>>> print(open('protein_33.txt').read())   # compact mmCIF, C-alpha atoms
# COMPACT_ATOMS: atom_id res chain seq x y z
CA ASP A 219 10.79 -31.38 31.94
CA ARG A 220 9.59 -27.94 32.88
CA ILE A 221 12.07 -25.27 33.92
CA VAL A 222 10.04 -24.55 37.06
CA ARG A 223 7.36 -26.72 38.67
CA ASP A 224 3.82 -25.35 38.53
CA ASP A 225 3.55 -25.24 42.31
CA VAL A 226 6.68 -23.11 42.81
CA GLU A 227 6.01 -19.51 43.87
CA LEU A 228 8.03 -17.15 41.69
CA THR A 229 9.60 -13.97 43.03
CA GLU A 230 9.89 -11.01 40.63
CA LYS A 231 13.56 -11.82 40.08
CA ARG A 232 12.92 -15.51 39.40
CA ARG A 233 10.02 -14.67 37.09
CA ARG A 234 12.19 -12.34 35.01
CA HIS A 235 14.94 -14.93 34.86
CA LEU A 236 12.42 -17.52 33.71
CA LEU A 237 10.98 -15.26 31.00
CA SER A 238 14.48 -14.50 29.72
CA ARG A 239 15.11 -18.24 29.21
CA LEU A 240 11.84 -19.18 27.50
CA ASN A 241 11.81 -19.54 23.71
CA TYR A 242 8.55 -21.37 23.01
CA PRO A 243 5.07 -20.07 23.95
CA ASP A 244 3.95 -23.35 25.50
CA TYR A 245 4.77 -22.65 29.13
CA PRO A 246 1.85 -22.79 31.62
CA ARG A 247 0.54 -19.43 32.83
CA LEU A 248 2.86 -17.73 30.32
CA VAL A 249 0.57 -14.80 29.46
CA GLY A 250 -0.14 -14.14 33.14
CA LEU A 251 3.56 -14.20 33.95
CA ILE A 252 4.32 -11.68 31.22
CA ALA A 253 1.46 -9.41 32.28
CA ALA A 254 2.67 -9.51 35.88
CA ASP A 255 6.23 -8.72 34.85
CA LEU A 256 5.12 -5.77 32.70
CA ARG A 257 3.60 -4.21 35.83
CA THR A 258 6.97 -4.13 37.64
CA LYS A 259 9.45 -1.27 37.70
CA GLU A 260 12.19 -3.59 36.49
CA SER A 261 10.39 -4.29 33.21
CA ARG A 262 11.69 -2.47 30.15
CA GLY A 263 8.38 -2.95 28.37
CA PHE A 264 6.97 -5.33 25.80
CA GLY A 265 9.68 -6.73 23.55
CA GLU A 266 12.34 -6.93 26.24
CA PHE A 267 12.37 -10.73 26.08
CA GLN A 268 12.32 -12.92 22.99
CA ILE A 269 9.33 -14.82 24.34
CA HIS A 270 7.25 -11.62 23.97
CA ARG A 271 7.76 -11.71 20.20
CA ASN A 272 7.15 -15.48 20.06
CA LEU A 273 3.67 -15.34 21.54
CA LEU A 274 0.86 -16.79 19.42
CA PRO A 275 -1.86 -14.43 18.10
CA GLU A 276 -4.43 -15.64 20.63
CA GLN A 277 -1.88 -15.16 23.43
CA LEU A 278 -1.28 -11.59 22.27
CA ASP A 279 -5.03 -11.01 22.39
CA GLU A 280 -5.14 -12.45 25.91
CA LEU A 281 -2.22 -10.28 26.99
CA GLU A 282 -3.91 -7.17 25.58
CA GLY A 283 -6.98 -8.08 27.62
CA LEU A 284 -4.84 -8.08 30.76
CA ARG A 285 -2.85 -4.99 29.75
CA PRO A 286 -5.10 -2.84 27.48
CA GLU A 287 -2.51 -0.05 27.32
CA LEU A 288 -0.33 -2.31 25.16
CA ILE A 289 -2.39 -1.35 22.11
CA ASN A 290 -0.53 1.98 22.23
CA ASP A 291 2.87 0.29 22.49
CA THR A 292 4.82 0.32 19.21
CA ASN A 293 6.62 -2.96 19.92
CA PHE A 294 3.36 -4.70 20.74
CA VAL A 295 1.61 -3.31 17.63
CA ASN A 296 4.51 -4.34 15.39
CA THR A 297 4.44 -7.86 16.84
CA ARG A 298 0.70 -8.12 16.25
CA ILE A 299 1.15 -7.10 12.60
CA ARG A 300 3.95 -9.61 12.04
CA LYS A 301 1.61 -12.35 13.25
CA LEU A 302 -0.81 -11.37 10.44
CA HIS A 303 1.73 -12.18 7.76
CA PRO A 304 1.01 -15.25 5.57
CA ASN A 305 3.10 -18.33 6.17
CA ALA A 306 6.18 -19.06 4.10
CA ASP A 307 4.27 -21.37 1.74
CA VAL A 308 2.12 -18.49 0.44
CA ASP A 309 3.49 -16.29 -2.34
CA TRP A 310 1.30 -13.32 -1.42
CA ARG A 311 3.20 -10.87 -3.62
CA ARG A 312 2.11 -12.80 -6.74
CA ASP A 313 -1.13 -14.34 -5.54
CA ALA A 314 -3.66 -11.50 -5.75
CA GLU A 315 -6.20 -13.16 -3.44
CA GLU A 316 -3.60 -13.85 -0.75
CA ARG A 317 -2.19 -10.33 -1.11
CA GLU A 318 -5.61 -8.75 -0.67
CA ALA A 319 -6.38 -10.98 2.31
CA TYR A 320 -3.10 -10.07 4.01
CA LEU A 321 -3.28 -6.32 3.34
CA THR A 322 -6.91 -6.28 4.51
CA ARG A 323 -5.96 -8.05 7.75
CA VAL A 324 -3.29 -5.44 8.41
CA TRP A 325 -5.61 -2.52 7.65
CA ASP A 326 -8.44 -3.94 9.76
CA PHE A 327 -6.04 -4.01 12.69
CA VAL A 328 -4.24 -0.67 12.30
CA LYS A 329 -7.34 1.41 11.45
CA THR A 330 -8.46 1.13 15.09
CA LEU A 331 -5.18 2.48 16.49
CA GLN A 332 -4.64 5.91 18.00
CA PRO A 333 -3.65 8.93 15.81
CA SER A 334 -0.04 8.50 16.96
CA PHE A 335 0.06 5.57 14.51
CA ASN A 336 -1.10 7.68 11.53
CA SER A 337 2.09 6.98 9.58
CA LEU A 338 1.52 3.23 9.94
CA LYS A 339 -2.14 3.66 9.00
CA ALA A 340 -1.26 5.57 5.84
CA HIS A 341 1.42 3.04 4.95
CA SER A 342 -0.97 0.11 5.33
CA LEU A 343 -3.87 1.75 3.51
CA TYR A 344 -1.63 2.94 0.67
CA GLN A 345 -0.56 -0.67 0.00
CA LEU A 346 -4.20 -1.81 -0.01
CA LEU A 347 -5.23 0.98 -2.41
CA GLN A 348 -2.36 0.08 -4.72
CA HIS A 349 -3.53 -3.53 -4.71
CA HIS A 350 -7.10 -2.56 -5.59
CA GLN A 351 -5.87 -0.31 -8.39
CA ARG A 352 -3.87 -3.19 -9.86
CA ALA A 353 -7.12 -5.16 -9.95
CA GLY A 354 -8.99 -2.32 -11.69
CA ASP A 355 -10.94 -1.52 -8.53
CA TYR A 356 -11.18 1.96 -6.99
CA PRO A 357 -12.86 1.80 -3.54
CA ARG A 358 -14.01 5.35 -2.82
CA ASP A 359 -14.56 4.84 0.91
CA LEU A 360 -11.01 3.59 1.47
CA PHE A 361 -9.63 6.42 -0.66
CA LEU A 362 -11.50 9.04 1.35
CA THR A 363 -10.20 7.47 4.55
CA TYR A 364 -6.68 7.76 3.14
CA LEU A 365 -7.17 11.43 2.20
CA LYS A 366 -8.32 12.20 5.75
CA LEU A 367 -4.97 11.11 7.19
CA PRO A 368 -3.10 14.43 7.60
CA ARG A 369 0.22 14.71 5.79
CA PRO A 370 2.48 17.61 4.82
CA ILE A 371 2.33 17.47 1.04
CA HIS A 372 1.59 20.28 -1.40
CA TYR A 373 -1.87 19.15 -2.55
CA VAL A 374 -3.36 18.90 0.97
CA GLU A 375 -5.75 21.71 1.92
CA PRO A 376 -3.91 23.93 4.49
CA LYS A 377 -7.13 24.54 6.45
CA TYR A 378 -7.43 20.81 7.03
CA LEU A 379 -4.00 20.81 8.69
CA ALA A 380 -4.90 23.77 10.89
CA ASP A 381 -6.44 21.45 13.48
CA ALA A 382 -4.02 21.00 16.40
CA GLU A 383 -4.35 17.20 16.59
CA ARG A 384 -3.88 16.80 12.84
CA ARG A 385 -0.75 18.95 12.95
CA ARG A 386 0.56 16.89 15.85
CA PHE A 387 0.00 13.50 14.22
CA GLN A 388 0.95 14.13 10.60
CA VAL A 389 1.89 11.20 8.38
CA ASP A 390 5.53 10.64 7.51
CA LEU A 391 5.36 9.36 3.93
CA ASN A 392 8.98 8.20 4.14
CA ALA A 393 8.46 6.13 7.28
CA ASN A 394 9.90 2.66 6.73
CA PHE A 395 7.79 -0.23 8.03
CA GLN A 396 9.27 -2.87 5.75
CA ASP A 397 10.49 -5.02 8.63
CA VAL A 398 6.92 -5.05 9.98
CA THR A 399 4.62 -5.24 6.94
CA PHE A 400 7.18 -6.41 4.33
CA CYS A 401 5.99 -3.55 2.10
CA PRO A 402 8.07 -0.58 0.88
CA ALA A 403 7.71 2.97 2.16
CA ILE A 404 5.23 5.25 0.39
CA GLY A 405 7.66 8.00 -0.57
CA ASN A 406 5.45 10.20 -2.74
CA ASP A 407 1.77 9.33 -3.02
CA GLU A 408 0.76 12.01 -5.52
CA ASP A 409 0.54 9.65 -8.50
CA LEU A 410 -1.82 7.28 -6.69
CA VAL A 411 -3.99 10.18 -5.52
CA ARG A 412 -4.11 11.62 -9.04
CA GLN A 413 -5.08 8.27 -10.59
CA PHE A 414 -7.90 7.69 -8.11
CA LEU A 415 -9.27 11.21 -8.56
CA LEU A 416 -9.08 10.98 -12.35
CA HIS A 417 -11.01 7.71 -12.18
CA PHE A 418 -13.77 9.16 -9.97
CA PHE A 419 -14.01 12.44 -11.89
CA VAL A 420 -15.03 10.67 -15.09
CA GLU A 421 -18.52 10.24 -13.60
CA ASP A 422 -18.60 12.76 -10.72
CA GLU A 423 -20.65 15.91 -11.20
CA SER A 424 -18.24 18.00 -9.11
CA TYR A 425 -15.16 17.76 -6.94
CA GLN A 426 -16.73 19.27 -3.82
CA ALA A 427 -16.55 16.04 -1.82
CA TYR A 428 -12.74 16.30 -1.80
CA GLU A 429 -12.38 20.04 -1.11
CA PRO A 430 -12.11 19.69 2.68
CA PHE A 431 -8.93 17.62 2.26
CA VAL A 432 -7.39 18.64 -1.09
CA ARG A 433 -6.55 22.09 -2.48
CA ASP A 434 -8.94 23.51 -5.04
CA THR A 435 -5.95 24.33 -7.26
CA PHE A 436 -5.12 20.61 -7.38
CA LEU A 437 -8.68 19.36 -7.86
CA LYS A 438 -9.95 21.74 -10.53
CA PRO A 439 -7.41 20.96 -13.29
CA LEU A 440 -7.72 17.22 -12.58
CA PHE A 441 -11.50 17.44 -12.84
CA ALA A 442 -11.26 19.28 -16.17
CA GLU A 443 -8.64 16.83 -17.44
CA ALA A 444 -10.80 13.81 -16.58
CA LYS A 445 -13.68 15.24 -18.60
CA LEU A 446 -11.59 16.42 -21.55
CA VAL A 447 -9.44 13.34 -22.14
CA ASN A 448 -12.53 11.12 -21.94
CA GLY A 449 -14.65 13.31 -24.21
CA ILE A 450 -17.35 13.98 -21.62
CA GLY A 451 -19.74 16.94 -21.73
CA ASP A 452 -19.07 20.45 -23.01
CA ALA A 453 -15.37 20.81 -23.78
CA GLU A 454 -15.50 24.60 -23.61
CA ARG A 455 -16.77 24.41 -20.04
CA TRP A 456 -13.82 22.26 -19.00
CA PHE A 457 -11.31 24.38 -20.94
CA SER A 458 -12.55 27.43 -19.01
CA MET A 459 -11.41 25.76 -15.77
CA LEU A 460 -7.81 25.69 -17.00
CA SER A 461 -5.31 28.43 -17.67
CA PRO A 462 -4.08 28.85 -21.27
CA SER A 463 -0.74 27.27 -20.36
CA GLN A 464 -2.50 24.30 -18.73
CA VAL A 465 -4.68 23.82 -21.81
CA GLN A 466 -1.65 23.83 -24.09
CA ALA A 467 0.31 21.47 -21.84
CA LEU A 468 -2.62 19.03 -21.76
CA LYS A 469 -3.00 19.12 -25.55
CA ASP A 470 0.74 18.60 -26.11
CA ARG A 471 1.17 15.84 -23.54
CA VAL A 472 1.89 12.40 -24.95
CA ASP A 473 0.67 9.37 -22.96
CA ILE A 474 1.72 5.77 -23.59
CA VAL A 475 0.83 4.21 -20.24
CA PHE A 476 0.29 0.53 -19.49
CA ALA A 477 -3.02 -0.04 -17.70
CA SER A 478 -2.53 -0.78 -14.01
CA ASP A 479 -4.89 -3.75 -14.18
CA ASN A 480 -2.99 -5.68 -16.84
CA PRO A 481 -2.51 -9.33 -15.79
CA GLU A 482 0.61 -9.84 -13.69
CA GLU A 483 1.07 -13.46 -14.72
CA LEU A 484 -0.04 -15.62 -17.63
CA ASP A 485 -0.27 -19.37 -18.05
CA PRO A 486 1.73 -20.85 -20.96
CA ALA A 487 -1.43 -21.43 -23.02
CA ASP A 488 -2.88 -17.94 -22.44
CA ASP A 489 -3.02 -15.33 -25.18
CA VAL A 490 -0.81 -12.37 -24.35
CA LYS A 491 -2.83 -9.14 -24.37
CA LEU A 492 -1.83 -5.83 -22.84
CA ASP A 493 -3.98 -2.71 -22.51
CA VAL A 494 -2.33 0.68 -22.94
CA ASN A 495 -3.76 4.18 -22.40
CA ILE A 496 -2.74 6.31 -25.36
CA LYS A 497 -3.05 10.04 -25.94
CA ASN A 498 -1.71 12.33 -28.67
CA VAL A 499 -0.04 9.50 -30.59
CA ASP A 500 -0.48 9.44 -34.39
CA LYS A 501 1.66 6.37 -34.98
CA LEU A 502 2.77 3.70 -32.56
CA ILE A 503 5.36 1.01 -33.28
CA VAL A 504 4.96 -2.17 -31.25
CA LYS A 505 7.88 -4.58 -31.16
CA VAL A 506 7.48 -8.11 -29.79
CA TYR A 507 10.51 -10.03 -28.53
CA GLU A 508 10.58 -13.73 -27.72
CA ILE A 509 12.94 -14.38 -24.83
CA ASN A 510 14.17 -17.78 -23.65
CA ALA A 511 13.41 -17.46 -19.95
CA LEU A 512 15.42 -20.54 -18.99
CA ASN A 513 18.59 -19.35 -20.75
CA PHE A 514 18.17 -15.93 -19.13
CA PHE A 515 17.88 -17.49 -15.68
CA LEU A 516 20.88 -19.75 -16.19
CA ASP A 517 22.97 -16.79 -17.37
CA GLN A 518 21.78 -14.09 -14.94
CA LYS A 519 20.79 -16.29 -11.94
CA ARG A 520 17.50 -14.37 -11.59
CA GLU A 521 14.02 -14.39 -13.06
CA LEU A 522 13.22 -12.48 -16.22
CA ASN A 523 11.88 -9.04 -15.44
CA THR A 524 10.90 -5.82 -17.19
CA ASP A 525 14.36 -4.33 -16.62
CA LEU A 526 15.70 -6.38 -19.56
CA ASN A 527 17.99 -4.35 -21.83
CA LEU A 528 16.69 -4.78 -25.39
CA ASP A 529 19.49 -2.83 -27.07
CA GLY A 530 20.99 -4.89 -29.89
CA LEU A 531 18.16 -7.43 -29.92
CA ILE A 532 16.05 -7.95 -33.03
CA ALA A 533 12.28 -8.06 -32.56
CA ASN A 534 10.52 -11.25 -33.63
CA GLU A 535 7.54 -9.20 -34.72
CA GLU A 536 6.90 -5.53 -35.41
CA LYS A 537 3.59 -3.80 -36.03
CA VAL A 538 2.68 -0.19 -36.80
CA TYR A 539 -0.60 1.29 -35.52
CA GLU A 540 -2.04 4.61 -36.63
CA PHE A 541 -4.63 6.58 -34.65
CA LYS A 542 -6.78 9.55 -35.58
CA GLU A 543 -8.21 10.72 -32.23
CA ALA A 544 -7.88 14.39 -31.28
CA PRO A 545 -4.71 15.16 -29.29
CA ILE A 546 -6.80 15.91 -26.19
CA ARG A 547 -8.45 12.46 -26.12
CA ARG A 548 -7.03 9.54 -24.18
CA VAL A 549 -8.11 6.08 -25.34
CA ARG A 550 -7.49 2.63 -23.91
CA ARG A 551 -6.15 0.26 -26.57
CA SER A 552 -5.61 -3.47 -26.47
CA PHE A 553 -2.57 -5.09 -28.10
CA ALA A 554 -2.51 -8.85 -28.57
>>> encode(input="protein_33.txt", output="structure tokens")
Amino acid sequence: DRIVRDDVELTEKRRRHLLSRLNYPDYPRLVGLIAADLRTKESRGFGEFQIHRNLLPEQLDELEGLRPELINDTNFVNTRIRKLHPNADVDWRRDAEEREAYLTRVWDFVKTLQPSFNSLKAHSLYQLLQHHQRAGDYPRDLFLTYLKLPRPIHYVEPKYLADAERRRFQVDLNANFQDVTFCPAIGNDEDLVRQFLLHFFVEDESYQAYEPFVRDTFLKPLFAEAKLVNGIGDAERWFSMLSPSQVQALKDRVDIVFASDNPEELDPADDVKLDVNIKNVDKLIVKVYEINALNFFLDQKRELNTDLNLDGLIANEEKVYEFKEAPIRRVRRSFA
């Protein structure tokens, strides 16, 4: 039975009482009732009643059509994003296709929002860029869109932040949207920005495209580094773009970095192969441990992860690799 017959005329008080009691979005005229209530002085806005958050995606679209100003309401925006989340049967954190589909849905929605949502935009786009990097993909257009979001961090060009609206709507890199997107806060995005720029600078003729958004003092050494470590062009030209201390630091730096696009999961029959970016390493010792994943789970009550303490364990296999590249060169190596 319905709580109220369809032919009963609802006063504002009765309508609010009805909305407070509804749990399921299957009540006739529900969207119209909510829209009417939101127009009243008694309403405390979208999200006041549980039924607001239980609306179906198409009902939220209908409600926005009746109340267009809701697209600037944080509670409404957060509810819309939660409705984009995959269902509980989808392991989107491990399934790359599902993860990309979800993060793309979120970005496609938030990119149209007002500048007051810049922190949410940066958060969403950062997650999508991270996903693409893990797949070995570096979408330049998305990266440029990310750089254009104003944020108070040392590498951003001060002139870009001089605009009044950009100063007003700066990104908070520590903003926590985990209860909305189920993704962690950005924190510090410098490493991601560096990795994208280093990737583009391997082939780019200059760094001018990024100067409106990023300090020259940040771009120039990265541009020189990208050319030098990859052995591109005239080394003396790139060395001249660095100070003597920067040149020495780059030569002395040791890199043993796992490639971001290494496979996240392997089937039991797959060969195990990991790619590592190596620089200034004459000799590398690789130790391989065979771990009984079932015994680990039974003992620790959690899945095996990379935080495993190997102290005291004896490697099943050990190999020594020697390299002869110049200390300035960085080379991607594969280890099977």
>>> closest_residue(input="protein_33.txt", among="A:Ile474, A:Gln396, A:Phe419, A:Pro430", to="A:Leu379", atoms="only C-alpha atoms")
A:Pro430
>>> atom_distance(input="protein_33.txt", atom1="atom CA of A:Val374", atom2="atom CA of A:Tyr356")
20.3 Å
>>> residues_around(input="protein_33.txt", residues="A:Leu302", least_positions_apart="4", cutoff="8 Å", atoms="all atoms listed in the file", output="PyMOL selection string")
chain A and resi 298+320+323-324
>>> axis_aligned_box(input="protein_33.txt", around="stretch 420-429 of chain A", padding_each_side="4 Å", output="AutoDock Vina command-line options")
--center_x -16.5 --center_y 15.1 --center_z -8.1 --size_x 16.3 --size_y 17.8 --size_z 22.0
>>> atom_distance(input="protein_33.txt", atom1="atom CA of A:Arg412", atom2="atom CA of A:Leu440")
7.5 Å
>>> residues_around(input="protein_33.txt", residues="stretch 243-255 of chain A", least_positions_apart="4", cutoff="8 Å", atoms="only C-alpha atoms", output="list in words")
Asp224, Glu230, Arg233, Arg234, Leu237, Ser261, Ile269, His270, Asn272, Leu273, Leu274, Gln277, Glu280, Leu281, Leu284 and Arg285 of chain A
>>> closest_residue(input="protein_33.txt", among="A:Val308, A:Phe515, A:Ile509, A:Leu360", to="A:Lys329", atoms="all atoms listed in the file")
A:Leu360
>>> closest_residue(input="protein_33.txt", among="A:Arg384, A:His372, A:His303, A:His350", to="A:Asn336", atoms="all atoms listed in the file")
A:Arg384
>>> closest_residue(input="protein_33.txt", among="A:Val506, A:Val398, A:Leu415, A:Ala382", to="A:Leu338", atoms="all atoms listed in the file")
A:Val398
>>> atom_distance(input="protein_33.txt", atom1="atom CA of A:Leu522", atom2="atom CA of A:Glu508")
11.9 Å
>>> closest_residue(input="protein_33.txt", among="A:Pro286, A:Asp279, A:Val499, A:Ala444", to="A:Phe541", atoms="only C-alpha atoms")
A:Val499
>>> closest_residue(input="protein_33.txt", among="A:Ala533, A:Gln351, A:Gln426, A:Ala554", to="A:Asp489", atoms="all atoms listed in the file")
A:Ala554
>>> residues_near_point(input="protein_33.txt", point="(5.7, -2.9, 7.8)", cutoff="10 Å", atoms="all atoms listed in the file", output="PyMOL selection string")
chain A and resi 296+299-300+324+338+341-342+393-403
>>> residues_around(input="protein_33.txt", residues="A:Asn498", least_positions_apart="5", cutoff="10 Å", atoms="all atoms listed in the file", output="VMD selection string")
chain A and resid 468 to 474 541 to 549
